[in-house]
Each structure stands twice: as structure tokens, then as C-alpha cells.
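S.K.: Here it is, the structure, as C-alpha cells.
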Amino acid sequence: MQADGAVPYRERNIVLIGFMGAGKTTIGKVLAAKLSREFIDVDELISTERGMPVTEIFRTFGEEAFRRMEKEYIGELCFQKQDAVLSLGGGAFLKEDTRELCMANAAVILMDIPWEQWKMRLPLIRDSRPILQNKTDEEIQALYESRQAIYQRHHFRVDAGSQTPEAAAQEIADWLEGRP
Ligand SMILES: Nc1ncnc2c1ncn2[C@@H]1O[C@H](COP(=O)(O)OP(=O)(O)OP(=O)(O)O)[C@@H](O)[C@H]1O
Ligand SMILES: O=C(O)C1=C[C@@H](O)[C@@H](O)[C@H](O)C1
Ligand SMILES: [Mg+2]
């Protein structure tokens with residue numbers, strides 16, 4: 001692998017990070033189509049390869065086992081792919097190894113969304129995200145806030161709360177175009 005800065009951002013995989021529901025999958029698909037790149041949702045890849053949904057992996061093996069699995073998949077993708085758009089699970093950056101691997105080898109983009117806007121999306125995703133099950137709104141807000149520190153490791157942030165997926169994807173494409 002290359003040291004951070006050794007490979008121009010335009011030639012790296014694009015890694016999208018951010019809290020659940022921030023728009024990584026939605027914006028990622030638009031961005032991949034715009035740049036004619038392959039789109040890979042890491043949660044979906046893990047589910048397919050392991051033959052069970054992420055919810056069941058959590059239930060069967062526990063969160064820590066899932067995080068280790070996630071780190072291995074992201075590492076392999078960073079090695080194997082060259083110009084893909086990778087949408088990471090919302091908790092992937094909890095692992096320092098995953099953060100540093102992505103920062104050194106990919107262009108890391110934060111899908112940033114303020115709490116007030118995010119909570120309007122909660123009904124859309126509440127039932128399908130294992131981490132949100134059996135949590136009150138206050139507990140979810142505390143989780144949202146606790147995650148903000150890990151998302152500060154990125155190369156570029158985009159406002160994913162108050163613009164369309166198309167506009168957010170265009171902002172990322174423009175940033176990439178202007179990078180060395
Ligand atoms: N810019 C946007 N404006 C309005 N709604 C959006 C926007 N981006 C995403 N959404 C909606 O918010 C919901 C969550 O989006 P999405 O699944 O892309 O988030 P995610 O970051 O991939 O979540 P997860 O980490 O849980 O996979 C979807 O219903 C999607 O249609
Ligand atoms: O934020 C999280 O901790 C998670 C987000 C999802 O993308 C999944 O990766 C999983 O449900 C964990
Ligand atoms: Mg997603």
C-alpha cells in the first residue's frame with residue numbers, strides 16, 4: 001500500500017463515510033454512475049458473501065466479530081479495486097485500523113448531516129438498521145453524537161442533509177476533479 005499522498009486522489013477508490021441514513025448508498029450510486037465507476041456497498045457485500053443479513057451477523061457473532069470482518073473486507077477492497085466507489089457501514093470507522101487504511105489509500109468523503117435533518121430520516125431507516133433497534137430517540141441522538149468524532153477523519157465533507165443526492169454527488173465529483 002502507498003503512504004498517504006503518494007497516489008493522486010483521482011486515482012484512488014472513493015470511500016463514503018457517515019452515520020446511518022446520511023445518504024452514503026443513495027449519493028454513492030449517483031456518484032458512481034456520474035464517474036462511470038463500480039459502486040460497492042460494503043454492508044451488502046458482507047451480507048451476500050456470508051449468506052446472512054448484517055442484523056443476523058450481529059445477532060449470531062456479535063458486534064466485535066462484525067467489525068473485524070468489516071475491516072478485512074474493506075482492506076481487501078482497497079487492495080483489489082482501483083477506481084470503485086465504496087459505501088462503508090456507519091460504524092466502520094470505529095476501528096482505527098480501518099480509518100487509517102482508508103485515509104492512506106482512498107479518497108475519504110464524509111456525508112455530513114446535522115441531527116435536526118437526520119432525525120427527519122429516522123422513520124425511513126429505523127426498522128432496517130440493527131443498531132437502532134430497541135433504542136429511544138434520546139439514545140439514538142447520543143449514538144449520533146458519539147460517532148461524530150470518528151467521522152472527522154476524512155479528506156472532504158459534503159452537506160448530505162440539505163441538498164439533493166445529485167447535487168451532493170456533483171460536489172464530490174468537482175472536488176475530485178480539482179485535486180492534484
Ligand atoms: N440527499 C438526500 N435527500 C433526501 N433524502 C435522502 C438523501 N439522501 C438519502 N436520502 C434518503 O435517506 C434514507 C437513507 O439513505 P441511505 O440508505 O442512502 O443512507 P446510508 O448512509 O447508506 O445508510 P446506512 O449507513 O444505514 O446504509 C433513504 O430513504 C434515502 O432515500
Ligand atoms: O452504524 C453502525 O454501527 C452500523 C451501520 C450499518 O451500516 C451496518 O454496518 C451495521 O448495522 C452497523
Ligand atoms: Mg447504505
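The chains in the C-alpha cells are called A, B, ... from first to last as shown; in each chain the residues are counted from 1, and the ligands are counted from 1 in the order shown.
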Using only C-alpha atoms and all ligand atoms, find each residue in chain A having at least one atom no more than 7 Å away from ligand 2; report its shortest atom-to-atom pair and that distance in Å (one decimal), rows by chain then rising number, as JSON lines.
M.R.:
```
{"residue": "A:Phe19", "atom": "CA", "partner": "ligand 2", "partner_atom_place_in_ligand_line": "1 (O)", "distance": 6.0}
{"residue": "A:Met20", "atom": "CA", "partner": "ligand 2", "partner_atom_place_in_ligand_line": "1 (O)", "distance": 5.4}
{"residue": "A:Asp43", "atom": "CA", "partner": "ligand 2", "partner_atom_place_in_ligand_line": "9 (O)", "distance": 5.5}
{"residue": "A:Val54", "atom": "CA", "partner": "ligand 2", "partner_atom_place_in_ligand_line": "11 (O)", "distance": 6.1}
{"residue": "A:Thr55", "atom": "CA", "partner": "ligand 2", "partner_atom_place_in_ligand_line": "11 (O)", "distance": 6.5}
{"residue": "A:Leu88", "atom": "CA", "partner": "ligand 2", "partner_atom_place_in_ligand_line": "7 (O)", "distance": 6.8}
{"residue": "A:Gly89", "atom": "CA", "partner": "ligand 2", "partner_atom_place_in_ligand_line": "7 (O)", "distance": 3.3}
{"residue": "A:Gly90", "atom": "CA", "partner": "ligand 2", "partner_atom_place_in_ligand_line": "1 (O)", "distance": 3.6}
{"residue": "A:Gly91", "atom": "CA", "partner": "ligand 2", "partner_atom_place_in_ligand_line": "3 (O)", "distance": 3.7}
{"residue": "A:Ala92", "atom": "CA", "partner": "ligand 2", "partner_atom_place_in_ligand_line": "9 (O)", "distance": 6.8}
{"residue": "A:Arg129", "atom": "CA", "partner": "ligand 2", "partner_atom_place_in_ligand_line": "11 (O)", "distance": 5.2}
{"residue": "A:Pro130", "atom": "CA", "partner": "ligand 2", "partner_atom_place_in_ligand_line": "11 (O)", "distance": 5.0}
{"residue": "A:Ile131", "atom": "CA", "partner": "ligand 2", "partner_atom_place_in_ligand_line": "11 (O)", "distance": 5.3}
```
S.K.: Check which residues of chain A sit at most 7 Å from ligand 3 using only C-alpha atoms and all ligand atoms, and return one row each with the closest pair of atoms and their distance in Å to one decimal, ordered by chain and rising number, as CSV.
M.R.:
```
residue,atom,partner,partner_atom_place_in_ligand_line,distance
A:Met20,CA,ligand 3,1 (Mg),7.0
A:Gly21,CA,ligand 3,1 (Mg),6.8
A:Gly23,CA,ligand 3,1 (Mg),6.8
A:Lys24,CA,ligand 3,1 (Mg),5.4
A:Thr25,CA,ligand 3,1 (Mg),4.2
A:Asp41,CA,ligand 3,1 (Mg),6.6
A:Ser87,CA,ligand 3,1 (Mg),6.5
A:Gly89,CA,ligand 3,1 (Mg),6.6
```
S.K.: Just write the chosen residues, N, CA, C and O atoms, as a short mmCIF file (atom, residue, chain, number, x, y, z; two decimals), in the first residue's frame.
M.R.:
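Below you can see part-v3.cif, which holds the result:
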```
data_model
loop_
_atom_site.label_atom_id
_atom_site.label_comp_id
_atom_site.auth_asym_id
_atom_site.auth_seq_id
_atom_site.Cartn_x
_atom_site.Cartn_y
_atom_site.Cartn_z
N MET A 20 -25.49 6.22 9.86
CA MET A 20 -26.58 5.51 9.18
C MET A 20 -27.59 6.51 8.63
O MET A 20 -27.97 7.45 9.33
N GLY A 21 -28.02 6.28 7.41
CA GLY A 21 -29.05 7.12 6.83
C GLY A 21 -28.58 8.46 6.31
O GLY A 21 -29.37 9.25 5.79
N GLY A 23 -26.89 8.99 3.73
CA GLY A 23 -27.02 9.04 2.27
C GLY A 23 -25.87 8.41 1.52
O GLY A 23 -25.73 8.62 0.31
N LYS A 24 -25.07 7.62 2.20
CA LYS A 24 -23.89 7.02 1.55
C LYS A 24 -24.29 6.16 0.34
O LYS A 24 -23.68 6.25 -0.72
N THR A 25 -25.31 5.33 0.52
CA THR A 25 -25.73 4.46 -0.58
C THR A 25 -26.39 5.26 -1.70
O THR A 25 -26.07 5.09 -2.88
N ASP A 41 -21.48 -1.50 -1.98
CA ASP A 41 -21.96 -1.24 -0.63
C ASP A 41 -21.38 -2.33 0.26
O ASP A 41 -21.69 -3.50 0.07
N SER A 87 -19.23 2.31 -0.32
CA SER A 87 -20.05 2.87 0.75
C SER A 87 -19.83 2.00 1.99
O SER A 87 -20.11 0.81 1.98
N GLY A 89 -20.19 0.84 6.05
CA GLY A 89 -21.17 0.83 7.13
C GLY A 89 -20.89 2.00 8.07
O GLY A 89 -19.74 2.45 8.18
#
```
S.K.: Could you pull out all residues of chain A with a DSSP call of strand (DSSP E) and give them as an MDAnalysis selection string?
M.R.: chainID A and resid 13:17 39:41 85:87 106:112 156:159
S.K.: If you keep N, CA and C atoms, can you produce a file of those selected residues as a PDB file, in the first residue's frame?
M.R.:
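Okay, this is what ended up in again_21.pdb:
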```pdb
ATOM      1  N   ASN A  13      -9.678   4.681  -4.903  1.00  0.00           N
ATOM      2  CA  ASN A  13     -11.064   4.342  -4.606  1.00  0.00           C
ATOM      3  C   ASN A  13     -11.659   5.491  -3.801  1.00  0.00           C
ATOM      4  N   ILE A  14     -12.940   5.710  -3.988  1.00  0.00           N
ATOM      5  CA  ILE A  14     -13.647   6.716  -3.182  1.00  0.00           C
ATOM      6  C   ILE A  14     -14.365   5.969  -2.065  1.00  0.00           C
ATOM      7  N   VAL A  15     -14.144   6.407  -0.832  1.00  0.00           N
ATOM      8  CA  VAL A  15     -14.772   5.770   0.325  1.00  0.00           C
ATOM      9  C   VAL A  15     -15.736   6.771   0.956  1.00  0.00           C
ATOM     10  N   LEU A  16     -17.009   6.377   1.038  1.00  0.00           N
ATOM     11  CA  LEU A  16     -18.019   7.262   1.630  1.00  0.00           C
ATOM     12  C   LEU A  16     -18.288   6.836   3.063  1.00  0.00           C
ATOM     13  N   ILE A  17     -18.190   7.799   3.971  1.00  0.00           N
ATOM     14  CA  ILE A  17     -18.434   7.506   5.390  1.00  0.00           C
ATOM     15  C   ILE A  17     -19.529   8.425   5.922  1.00  0.00           C
ATOM     16  N   PHE A  39     -19.911   0.662  -8.103  1.00  0.00           N
ATOM     17  CA  PHE A  39     -20.384   1.001  -6.760  1.00  0.00           C
ATOM     18  C   PHE A  39     -20.450  -0.262  -5.919  1.00  0.00           C
ATOM     19  N   ILE A  40     -19.866  -0.201  -4.732  1.00  0.00           N
ATOM     20  CA  ILE A  40     -19.915  -1.366  -3.824  1.00  0.00           C
ATOM     21  C   ILE A  40     -20.376  -0.907  -2.447  1.00  0.00           C
ATOM     22  N   ASP A  41     -21.479  -1.502  -1.980  1.00  0.00           N
ATOM     23  CA  ASP A  41     -21.957  -1.237  -0.633  1.00  0.00           C
ATOM     24  C   ASP A  41     -21.375  -2.331   0.263  1.00  0.00           C
ATOM     25  N   VAL A  85     -16.376   3.114  -6.053  1.00  0.00           N
ATOM     26  CA  VAL A  85     -16.986   3.944  -5.003  1.00  0.00           C
ATOM     27  C   VAL A  85     -17.462   2.964  -3.935  1.00  0.00           C
ATOM     28  N   LEU A  86     -16.892   3.069  -2.740  1.00  0.00           N
ATOM     29  CA  LEU A  86     -17.223   2.138  -1.655  1.00  0.00           C
ATOM     30  C   LEU A  86     -18.047   2.859  -0.602  1.00  0.00           C
ATOM     31  N   SER A  87     -19.231   2.308  -0.322  1.00  0.00           N
ATOM     32  CA  SER A  87     -20.054   2.867   0.749  1.00  0.00           C
ATOM     33  C   SER A  87     -19.826   2.004   1.991  1.00  0.00           C
ATOM     34  N   ALA A 106      -7.372   5.664   0.057  1.00  0.00           N
ATOM     35  CA  ALA A 106      -8.588   6.039  -0.674  1.00  0.00           C
ATOM     36  C   ALA A 106      -8.815   7.553  -0.554  1.00  0.00           C
ATOM     37  N   ALA A 107      -9.819   8.042  -1.262  1.00  0.00           N
ATOM     38  CA  ALA A 107     -10.283   9.429  -1.062  1.00  0.00           C
ATOM     39  C   ALA A 107     -11.507   9.306  -0.153  1.00  0.00           C
ATOM     40  N   VAL A 108     -11.390   9.769   1.073  1.00  0.00           N
ATOM     41  CA  VAL A 108     -12.433   9.553   2.078  1.00  0.00           C
ATOM     42  C   VAL A 108     -13.357  10.771   2.143  1.00  0.00           C
ATOM     43  N   ILE A 109     -14.644  10.538   1.872  1.00  0.00           N
ATOM     44  CA  ILE A 109     -15.617  11.633   1.821  1.00  0.00           C
ATOM     45  C   ILE A 109     -16.670  11.427   2.907  1.00  0.00           C
ATOM     46  N   LEU A 110     -16.845  12.443   3.732  1.00  0.00           N
ATOM     47  CA  LEU A 110     -17.860  12.384   4.794  1.00  0.00           C
ATOM     48  C   LEU A 110     -19.205  12.897   4.292  1.00  0.00           C
ATOM     49  N   MET A 111     -20.244  12.057   4.436  1.00  0.00           N
ATOM     50  CA  MET A 111     -21.624  12.502   4.186  1.00  0.00           C
ATOM     51  C   MET A 111     -22.080  13.111   5.503  1.00  0.00           C
ATOM     52  N   ASP A 112     -22.085  14.429   5.558  1.00  0.00           N
ATOM     53  CA  ASP A 112     -22.330  15.137   6.808  1.00  0.00           C
ATOM     54  C   ASP A 112     -23.780  15.604   6.868  1.00  0.00           C
ATOM     55  N   PHE A 156     -12.604  15.085   2.556  1.00  0.00           N
ATOM     56  CA  PHE A 156     -13.562  16.086   2.066  1.00  0.00           C
ATOM     57  C   PHE A 156     -14.914  15.791   2.691  1.00  0.00           C
ATOM     58  N   ARG A 157     -15.662  16.864   3.026  1.00  0.00           N
ATOM     59  CA  ARG A 157     -17.008  16.653   3.555  1.00  0.00           C
ATOM     60  C   ARG A 157     -18.031  17.264   2.612  1.00  0.00           C
ATOM     61  N   VAL A 158     -19.173  16.619   2.554  1.00  0.00           N
ATOM     62  CA  VAL A 158     -20.237  17.163   1.732  1.00  0.00           C
ATOM     63  C   VAL A 158     -21.490  17.268   2.586  1.00  0.00           C
ATOM     64  N   ASP A 159     -22.256  18.332   2.376  1.00  0.00           N
ATOM     65  CA  ASP A 159     -23.518  18.509   3.093  1.00  0.00           C
ATOM     66  C   ASP A 159     -24.536  17.538   2.494  1.00  0.00           C
TER      67      ASP A 159
END
```
S.K.: Find the residues around Arg179 in chain A up to 9 Å (only C-alpha atoms counted), leave out those fewer than 3 positions away in its own chain, and share them as a list of chain:residue names.
M.R.: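 Contacts, with the query itself left out: A:Pro8, A:Tyr9, A:Arg10, A:Asp174, A:Trp175, A:Leu176.
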S.K.: Could you check which of A:Thr136, A:Gln141, A:Thr98, A:Gln80 is closest to Pro114 in chain A, using only C-alpha atoms?
M.R.: A:Gln141
S.K.: Could you state the separation of CA of Ala173 in chain A and CA of Gly75 in chain A in Å, given to one decimal place?
M.R.: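 Those two atoms sit 23.7 Å apart.
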